[in-house]
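Peer 1: This is my_file.csv, which holds CSV, C-alpha atoms:
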```csv
chain,number,residue,atom,x,y,z
A,1,MET,CA,89.4,100.8,116.3
A,2,THR,CA,85.8,101.0,115.5
A,3,GLY,CA,83.3,102.8,117.7
A,4,ASN,CA,82.7,99.6,119.6
A,5,GLY,CA,86.4,99.1,120.4
A,6,GLU,CA,87.0,96.3,117.8
A,7,HIS,CA,90.4,96.6,116.1
A,8,VAL,CA,89.9,97.0,112.3
A,9,PRO,CA,93.0,96.4,110.1
A,10,VAL,CA,93.3,99.1,107.4
A,11,LEU,CA,92.8,97.9,103.8
A,12,LEU,CA,92.8,94.3,105.0
A,13,ASP,CA,91.2,92.6,101.9
A,14,ARG,CA,93.7,94.5,99.6
A,15,VAL,CA,96.7,93.5,101.7
A,16,LEU,CA,95.6,89.8,101.6
A,17,GLU,CA,95.1,90.0,97.8
A,18,LEU,CA,98.5,91.5,97.2
A,19,LEU,CA,100.4,89.2,99.5
A,20,GLU,CA,98.7,85.9,98.6
A,21,PRO,CA,100.7,85.1,95.4
A,22,ALA,CA,103.9,85.2,97.4
A,23,LEU,CA,102.5,82.8,100.1
A,24,THR,CA,101.7,79.7,97.9
A,25,GLY,CA,104.9,77.7,98.8
A,26,PRO,CA,104.9,74.7,101.2
A,27,GLU,CA,106.0,76.8,104.2
A,28,PRO,CA,106.1,80.5,103.3
A,29,VAL,CA,107.5,83.0,105.8
A,30,LEU,CA,106.2,86.6,106.2
A,31,VAL,CA,107.5,89.4,108.3
A,32,ASP,CA,105.0,91.7,109.8
A,33,ALA,CA,107.4,94.5,110.5
A,34,THR,CA,104.9,96.5,112.7
A,35,VAL,CA,102.6,93.8,114.1
A,36,GLY,CA,100.7,96.2,116.4
A,37,LEU,CA,97.5,94.6,117.6
A,38,GLY,CA,97.9,91.7,115.2
A,39,GLY,CA,94.9,92.3,113.0
A,40,HIS,CA,96.6,91.9,109.6
A,41,ALA,CA,98.7,89.0,111.0
A,42,ASP,CA,95.7,87.1,112.3
A,43,ALA,CA,93.9,87.4,108.9
A,44,LEU,CA,97.1,86.3,107.0
A,45,LEU,CA,97.6,83.3,109.2
A,46,THR,CA,94.0,82.3,108.9
A,47,ALA,CA,94.0,82.6,105.1
A,48,ASN,CA,97.3,80.7,104.7
A,49,PRO,CA,97.3,77.6,107.0
A,50,SER,CA,101.0,76.8,106.2
A,51,LEU,CA,102.3,80.4,106.8
A,52,ARG,CA,104.9,81.1,109.4
A,53,LEU,CA,104.8,84.7,110.6
A,54,ILE,CA,107.5,86.7,112.3
A,55,GLY,CA,106.0,89.8,114.0
A,56,LEU,CA,108.2,92.7,115.1
A,57,ASP,CA,107.2,95.7,117.3
A,58,ARG,CA,109.1,98.1,119.5
A,59,ASP,CA,106.1,98.4,121.8
A,60,ARG,CA,105.9,95.7,124.4
A,61,ASP,CA,102.2,96.4,125.1
A,62,ALA,CA,101.5,95.7,121.5
A,63,LEU,CA,103.4,92.5,121.6
A,64,ARG,CA,101.5,91.4,124.6
A,65,ASP,CA,98.1,92.1,123.1
A,66,SER,CA,99.0,90.7,119.7
A,67,GLY,CA,100.5,87.6,121.4
A,68,GLN,CA,97.1,86.9,123.0
A,69,ARG,CA,95.3,87.4,119.7
A,70,LEU,CA,97.6,85.2,117.7
A,71,ALA,CA,98.0,82.5,120.4
A,72,ARG,CA,95.6,80.2,118.6
A,73,HIS,CA,98.0,79.9,115.7
A,74,GLY,CA,100.6,78.2,117.9
A,75,ASP,CA,104.2,77.9,116.9
A,76,ARG,CA,103.5,79.3,113.4
A,77,VAL,CA,104.0,82.8,115.1
A,78,ARG,CA,107.2,84.2,116.4
A,79,LEU,CA,107.0,87.7,118.0
A,80,VAL,CA,110.1,89.8,118.6
A,81,HIS,CA,110.6,93.0,120.5
A,82,ALA,CA,112.6,95.0,118.0
A,83,VAL,CA,112.4,98.2,115.8
A,84,TYR,CA,111.8,97.0,112.3
A,85,ASP,CA,115.0,98.4,110.9
A,86,ARG,CA,116.6,95.5,112.8
A,87,MET,CA,114.9,93.0,110.5
A,88,PRO,CA,118.1,91.5,109.0
A,89,ASP,CA,119.5,90.9,112.5
A,90,VAL,CA,116.3,89.4,113.8
A,91,LEU,CA,116.1,87.0,110.8
A,92,ALA,CA,119.7,86.1,111.1
A,93,GLU,CA,119.2,85.1,114.7
A,94,LEU,CA,116.3,82.9,113.6
A,95,GLY,CA,118.5,81.3,111.0
A,96,LEU,CA,116.7,82.9,108.0
A,97,SER,CA,118.4,84.6,105.0
A,98,HIS,CA,115.3,85.2,102.9
A,99,VAL,CA,111.5,85.6,103.4
A,100,ASP,CA,108.6,85.4,101.0
A,101,ALA,CA,106.7,88.6,102.1
A,102,VAL,CA,107.0,91.7,104.2
A,103,LEU,CA,104.2,93.9,105.5
A,104,MET,CA,104.8,97.3,107.0
A,105,ASP,CA,101.8,99.1,108.5
A,106,LEU,CA,103.5,102.4,109.5
A,107,GLY,CA,102.7,105.1,111.9
A,108,VAL,CA,101.1,105.2,115.4
A,109,SER,CA,98.9,102.2,116.2
A,110,SER,CA,95.3,102.3,117.3
A,111,MET,CA,96.3,101.0,120.7
A,112,GLN,CA,98.8,103.8,121.2
A,113,LEU,CA,96.3,106.5,120.2
A,114,ASP,CA,93.6,105.1,122.4
A,115,ARG,CA,95.6,104.7,125.6
A,116,GLN,CA,95.6,108.2,127.0
A,117,GLU,CA,98.7,107.7,129.1
A,118,ARG,CA,100.9,107.3,126.0
A,119,GLY,CA,100.4,110.9,125.1
A,120,PHE,CA,99.9,110.5,121.3
A,121,ALA,CA,96.5,112.1,121.0
A,122,TYR,CA,96.2,115.9,121.3
A,123,ALA,CA,92.4,115.8,122.1
A,124,ARG,CA,93.0,114.6,125.7
A,125,ASP,CA,95.3,115.8,128.3
A,126,ALA,CA,98.2,113.4,128.9
A,127,PRO,CA,101.9,113.2,129.7
A,128,LEU,CA,104.0,114.4,126.8
A,129,ASP,CA,105.6,111.0,126.1
A,130,MET,CA,104.9,109.7,122.5
A,131,ARG,CA,107.5,107.0,122.6
A,132,MET,CA,106.4,103.8,120.8
A,133,ASP,CA,108.8,102.0,123.1
A,134,PRO,CA,108.1,103.6,126.5
A,135,ALA,CA,111.4,102.3,127.9
A,136,ALA,CA,113.7,103.9,125.3
A,137,GLY,CA,114.9,107.3,124.2
A,138,LEU,CA,113.7,110.9,124.6
A,139,THR,CA,110.1,111.8,125.3
A,140,ALA,CA,108.2,114.6,123.5
A,141,ALA,CA,108.6,116.7,126.7
A,142,ASP,CA,112.4,116.2,126.5
A,143,VAL,CA,112.4,117.5,122.9
A,144,LEU,CA,110.2,120.6,123.9
A,145,ASN,CA,112.3,121.3,127.0
A,146,THR,CA,115.8,120.9,125.6
A,147,TYR,CA,115.9,121.6,121.8
A,148,SER,CA,117.0,125.0,120.6
A,149,VAL,CA,114.7,127.3,118.6
A,150,ALA,CA,116.6,126.3,115.5
A,151,ASP,CA,116.2,122.6,116.1
A,152,LEU,CA,112.6,122.8,117.2
A,153,THR,CA,111.9,124.8,114.0
A,154,ARG,CA,113.6,122.1,111.9
A,155,VAL,CA,111.5,119.4,113.5
A,156,LEU,CA,108.2,121.2,113.1
A,157,ARG,CA,109.0,122.3,109.6
A,158,ASP,CA,110.4,119.0,108.2
A,159,TYR,CA,108.3,116.5,110.1
A,160,GLY,CA,105.1,118.4,110.6
A,161,GLU,CA,105.2,120.6,107.5
A,162,GLU,CA,104.1,123.4,109.8
A,163,ARG,CA,104.0,126.9,108.2
A,164,PHE,CA,104.5,128.6,111.6
A,165,ALA,CA,107.3,126.4,112.8
A,166,ASN,CA,109.6,129.2,113.8
A,167,ARG,CA,106.9,131.1,115.6
A,168,ILE,CA,105.9,128.0,117.5
A,169,ALA,CA,109.5,127.2,118.4
A,170,LYS,CA,110.1,130.6,119.8
A,171,ALA,CA,106.9,130.5,121.8
A,172,VAL,CA,107.8,127.0,123.3
A,173,VAL,CA,111.3,128.2,124.3
A,174,ALA,CA,109.9,131.3,125.9
A,175,GLU,CA,107.2,129.4,127.8
A,176,ARG,CA,109.5,126.6,129.0
A,177,GLU,CA,111.6,129.3,130.8
A,178,ARG,CA,108.6,129.9,133.0
A,179,GLU,CA,107.9,126.2,133.6
A,180,PRO,CA,109.0,123.0,131.7
A,181,PHE,CA,106.4,121.2,129.5
A,182,ASP,CA,105.1,118.0,130.9
A,183,ARG,CA,101.5,117.6,129.7
A,184,SER,CA,99.7,117.9,126.4
A,185,GLU,CA,97.0,120.3,127.4
A,186,ARG,CA,99.4,123.1,128.0
A,187,LEU,CA,101.1,122.6,124.7
A,188,VAL,CA,97.7,122.6,122.9
A,189,ARG,CA,96.8,125.9,124.6
A,190,LEU,CA,100.1,127.4,123.5
A,191,LEU,CA,99.5,126.3,119.9
A,192,TYR,CA,96.0,127.8,119.9
A,193,ASP,CA,97.5,131.1,121.1
A,194,THR,CA,100.4,131.0,118.6
A,195,VAL,CA,98.9,129.8,115.3
A,196,PRO,CA,97.0,132.7,113.6
A,197,ALA,CA,93.2,132.5,113.8
A,198,PRO,CA,92.7,132.3,109.9
A,199,SER,CA,94.9,129.2,109.8
A,200,ARG,CA,93.1,127.6,112.7
A,201,ARG,CA,89.8,128.0,110.8
A,202,THR,CA,91.0,126.5,107.5
A,203,GLY,CA,94.0,124.3,108.4
A,204,GLY,CA,92.5,121.8,110.8
A,205,HIS,CA,93.4,121.4,114.5
A,206,PRO,CA,96.4,123.6,115.2
A,207,ALA,CA,98.0,120.8,117.2
A,208,LYS,CA,97.9,118.2,114.6
A,209,ARG,CA,101.1,119.0,112.7
A,210,THR,CA,103.1,119.7,115.9
A,211,PHE,CA,102.1,116.4,117.5
A,212,GLN,CA,103.0,114.6,114.3
A,213,ALA,CA,106.4,116.2,114.1
A,214,LEU,CA,107.2,115.5,117.8
A,215,ARG,CA,106.1,111.9,117.4
A,216,ILE,CA,108.3,111.4,114.3
A,217,GLU,CA,111.3,113.0,116.0
A,218,VAL,CA,110.9,111.0,119.3
A,219,ASN,CA,110.7,107.7,117.4
A,220,ALA,CA,113.1,108.5,114.6
A,221,GLU,CA,110.4,107.2,112.3
A,222,LEU,CA,111.7,108.5,108.9
A,223,GLU,CA,115.3,107.4,109.6
A,224,THR,CA,114.0,103.9,110.6
A,225,LEU,CA,111.9,103.7,107.4
A,226,ARG,CA,114.8,104.8,105.2
A,227,ALA,CA,117.0,102.0,106.7
A,228,ALA,CA,114.3,99.3,106.8
A,229,LEU,CA,112.9,99.5,103.3
A,230,PRO,CA,116.1,98.6,101.3
A,231,ALA,CA,116.9,95.9,103.9
A,232,ALA,CA,113.4,94.4,103.6
A,233,ILE,CA,113.7,94.3,99.8
A,234,GLU,CA,117.1,92.6,100.0
A,235,LEU,CA,115.6,89.9,102.2
A,236,LEU,CA,112.8,89.0,99.8
A,237,THR,CA,113.2,85.9,97.8
A,238,GLY,CA,112.5,86.1,94.0
A,239,GLY,CA,108.8,86.5,93.6
A,240,GLY,CA,108.5,87.8,97.1
A,241,ARG,CA,106.2,90.7,97.8
A,242,ILE,CA,106.3,93.8,100.0
A,243,VAL,CA,103.3,95.9,101.0
A,244,VAL,CA,103.7,99.2,102.8
A,245,GLU,CA,100.8,101.3,104.3
A,246,SER,CA,101.8,104.9,105.0
A,247,TYR,CA,99.7,107.5,106.8
A,248,HIS,CA,101.3,110.8,105.8
A,249,SER,CA,103.1,112.3,102.8
A,250,LEU,CA,106.6,112.1,104.3
A,251,GLU,CA,106.4,108.3,104.7
A,252,ASP,CA,104.8,107.8,101.4
A,253,ARG,CA,107.4,109.9,99.6
A,254,ILE,CA,110.2,107.7,101.0
A,255,VAL,CA,108.4,104.5,99.9
A,256,LYS,CA,107.6,105.9,96.5
A,257,ARG,CA,111.2,106.9,95.8
A,258,GLU,CA,112.6,103.5,97.0
A,259,PHE,CA,110.2,101.5,95.0
A,260,ALA,CA,110.5,103.6,91.9
A,261,GLY,CA,114.3,103.6,92.0
A,262,ARG,CA,114.4,99.8,92.3
A,263,ALA,CA,111.8,99.3,89.6
A,264,ALA,CA,113.9,101.2,87.0
A,265,SER,CA,116.8,99.8,84.9
A,266,ARG,CA,120.3,100.9,85.9
A,267,THR,CA,121.6,100.2,82.4
A,268,PRO,CA,122.9,103.5,80.8
A,269,GLN,CA,120.5,104.9,78.3
A,270,GLY,CA,121.4,104.2,74.7
A,271,LEU,CA,122.7,100.7,75.1
A,272,PRO,CA,120.8,98.1,73.0
A,273,VAL,CA,120.7,95.4,75.7
A,274,GLU,CA,120.3,95.3,79.5
A,275,LEU,CA,123.6,95.0,81.3
A,276,PRO,CA,123.8,91.9,83.5
A,277,GLY,CA,122.9,92.9,87.1
A,278,HIS,CA,121.6,96.3,86.0
A,279,GLY,CA,117.9,95.4,85.4
A,280,PRO,CA,115.0,96.4,87.6
A,281,GLU,CA,114.9,94.7,91.1
A,282,LEU,CA,111.1,95.3,91.6
A,283,ARG,CA,107.9,95.1,89.7
A,284,LEU,CA,105.4,97.6,91.0
A,285,LEU,CA,102.0,96.1,91.9
A,286,THR,CA,100.1,99.3,92.5
A,287,ARG,CA,99.5,102.3,90.2
A,288,GLY,CA,100.6,105.1,92.5
A,289,ALA,CA,99.4,105.0,96.1
A,290,GLU,CA,96.0,103.3,96.7
A,291,LYS,CA,93.6,104.8,99.2
A,292,ALA,CA,90.7,103.5,101.3
A,293,SER,CA,87.2,103.6,99.9
A,294,GLU,CA,84.6,105.9,101.4
A,295,GLU,CA,82.9,102.9,102.8
A,296,GLU,CA,86.0,101.7,104.7
A,297,ILE,CA,86.7,105.3,106.0
A,298,GLU,CA,83.1,105.4,107.3
A,299,ARG,CA,83.6,102.1,109.1
A,300,ASN,CA,87.2,103.0,110.3
A,301,PRO,CA,88.0,106.8,110.2
A,302,ARG,CA,91.7,106.1,110.8
A,303,ALA,CA,91.8,104.6,107.2
A,304,ALA,CA,91.3,108.1,105.8
A,305,SER,CA,94.9,109.0,105.4
A,306,VAL,CA,96.3,105.6,104.3
A,307,ARG,CA,98.5,105.3,101.2
A,308,LEU,CA,99.3,101.7,100.1
A,309,ARG,CA,102.1,100.7,97.8
A,310,ALA,CA,103.2,97.2,96.9
A,311,ALA,CA,106.0,95.6,94.8
A,312,GLU,CA,107.3,92.2,93.8
A,313,LYS,CA,110.9,91.1,93.8
A,314,ILE,CA,112.2,90.2,90.4
A,315,GLY,CA,114.4,87.1,90.1
A,316,ALA,CA,114.5,83.3,90.7
A,317,ALA,CA,113.3,82.0,94.0
A,318,ALA,CA,116.0,81.7,96.6
```
The structure in this file should be written as structure tokens.
Peer 2:
Amino acid sequence: MTGNGEHVPVLLDRVLELLEPALTGPEPVLVDATVGLGGHADALLTANPSLRLIGLDRDRDALRDSGQRLARHGDRVRLVHAVYDRMPDVLAELGLSHVDAVLMDLGVSSMQLDRQERGFAYARDAPLDMRMDPAAGLTAADVLNTYSVADLTRVLRDYGEERFANRIAKAVVAEREREPFDRSERLVRLLYDTVPAPSRRTGGHPAKRTFQALRIEVNAELETLRAALPAAIELLTGGGRIVVESYHSLEDRIVKREFAGRAASRTPQGLPVELPGHGPELRLLTRGAEKASEEEIERNPRAASVRLRAAEKIGAAA
């Protein structure tokens, strides 16, 4: 969102540029795996009048809002309530075996951050929920109130890259014996008291890493991405393209490894010719991870952490 409440899709022009060559057929199909508020989807549909778009999201509020935004595109849009690792099942139900393009704009959406009752933002007191689908699974409060010190330490260390993971986990377990956690303000106070002052002065807000870790755990974000990426690549037709926007190093590392592995030959070194079926599956379209410009970050501060990678499926069109 901008300061005036307008939803601004991150790196929109670059996303359009990268996906356009895959959308030149008579009736191309694109999956927006995390449709959110529909900003990218709206622009893609407008730029490609013959495009059919399938938008997935686990958040029913997002589907309602994007449905209103995309209604003017009529039956070219199909919105489905699903986590994006179910992409193959969704497409099979729609009678599709391949698509021309996939867009994944990962992480928490602007709408989820801006709606206080969802509990994603540590700057305002709210229920400790953090579920992208409010009707499914554990809440952040459940994690804080039931996980052992060892499991909390693992979550904070692996998903938040938190240096003081064990110290925080012990403090949480001790504090919940007095009263279970249910709201974010109390957790933020505990983090201020637990994280050493020198780290608070130099490492950003002391709650940032813990809130990221809880959100990733609650929504199984990394497991979902690890399952969805190879599935999406398999669904692409030859010449199809995939664009992924990540917002922290853990996501970007998964995308980098998957793309790099599929862009490399699997023919054993030393053989003079490529073995059939062992050549690269992808051609990388970006040199490393692309970032937003200073101008875009100034207009849309949430673009500051984006890392964009893109690739093209090698092979004849299906």
Peer 1: Ranking A:Arg131, A:Arg157, A:Arg283, A:Arg215 by minimum distance to A:Arg58 and counting all atoms listed in the file, which one comes first?
Peer 2: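 Nearest to A:Arg58: A:Arg131.
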Peer 1: Kindly give the distance, in Å, that separates atom CA of A:Glu161 and atom CA of A:Ala136, rounded to a single decimal.
Peer 2: 25.8 Å
Peer 1: Near stretch 26-33 of chain A, within 9 Å and counting all atoms listed in the file, which residues show up once chain neighbours fewer than 6 positions away are dropped, as a compact mmCIF listing (two decimals) with C-alpha atoms, in the frame of the given file?
Peer 2:
```txt
# COMPACT_ATOMS: atom_id res chain seq x y z
CA HIS A 40 96.60 91.90 109.60
CA ALA A 41 98.70 89.00 111.00
CA ASN A 48 97.30 80.70 104.70
CA SER A 50 101.00 76.80 106.20
CA LEU A 51 102.30 80.40 106.80
CA ARG A 52 104.90 81.10 109.40
CA LEU A 53 104.80 84.70 110.60
CA ILE A 54 107.50 86.70 112.30
CA GLY A 55 106.00 89.80 114.00
CA LEU A 56 108.20 92.70 115.10
CA ASP A 57 107.20 95.70 117.30
CA VAL A 83 112.40 98.20 115.80
CA TYR A 84 111.80 97.00 112.30
CA ASP A 85 115.00 98.40 110.90
CA MET A 87 114.90 93.00 110.50
CA HIS A 98 115.30 85.20 102.90
CA VAL A 99 111.50 85.60 103.40
CA ASP A 100 108.60 85.40 101.00
CA ALA A 101 106.70 88.60 102.10
CA VAL A 102 107.00 91.70 104.20
CA LEU A 103 104.20 93.90 105.50
CA MET A 104 104.80 97.30 107.00
CA ASP A 105 101.80 99.10 108.50
CA LEU A 106 103.50 102.40 109.50
```
Peer 1: Please indicate the distance in Å from atom CA of A:Thr46 to atom CA of A:Asp13, rounded to one decimal place.
Peer 2: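 A separation of 12.8 Å between them.
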Peer 1: I'd like the interatomic distance between atom CA of A:Leu225 and atom CA of A:Pro127, to a tenth of an Å.
Peer 2: 26.2 Å
Peer 1: Quick one: of A:Glu162, A:Glu258, A:Glu223, A:Glu298, who's nearest to A:Leu284, counting only C-alpha atoms?
Peer 2: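 Nearest candidate to A:Leu284 out of A:Glu162, A:Glu258, A:Glu223, A:Glu298: A:Glu258.
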Peer 1: Quick one: residues within 8 Å of A:Val173, all atoms listed in the file counted, chain neighbours fewer than 5 positions away excluded, as a ChimeraX atom specification?
Peer 2: /A:144-145,148-149
Peer 1: For A:Pro134, which residue among A:Ser184, A:Asn219, A:Thr24, A:Thr286 is the nearest when counting only C-alpha atoms?
Peer 2: A:Asn219
Peer 1: Given all atoms listed in the file as the basis, pick out the residue of A:Val155, A:Ala174, A:Ala311, A:Leu285 nearest to A:Ile216.
Peer 2: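 Smallest distance to A:Ile216 is found for A:Val155.
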Peer 1: Around the point (102.4, 117.7, 127.2) in the file's coordinates, collect all residues with an atom within 8 Å, using all atoms listed in the file, and return them as a PyMOL selection string.
Peer 2: chain A and resi 119+125-129+140-141+181-187
Peer 1: Counting all atoms listed in the file, which of A:Arg209, A:Thr224, A:Ser305, A:Arg14 gets nearest to A:Ala82?
Peer 2: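 Among A:Arg209, A:Thr224, A:Ser305, A:Arg14, it is A:Thr224 that comes nearest to A:Ala82.
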Peer 1: Counting all atoms listed in the file, which of A:Ala228, A:Val143, A:Val35, A:Ala43 gets nearest to A:Glu17?
Peer 2: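 Selected residue with least distance to A:Glu17: A:Ala43.
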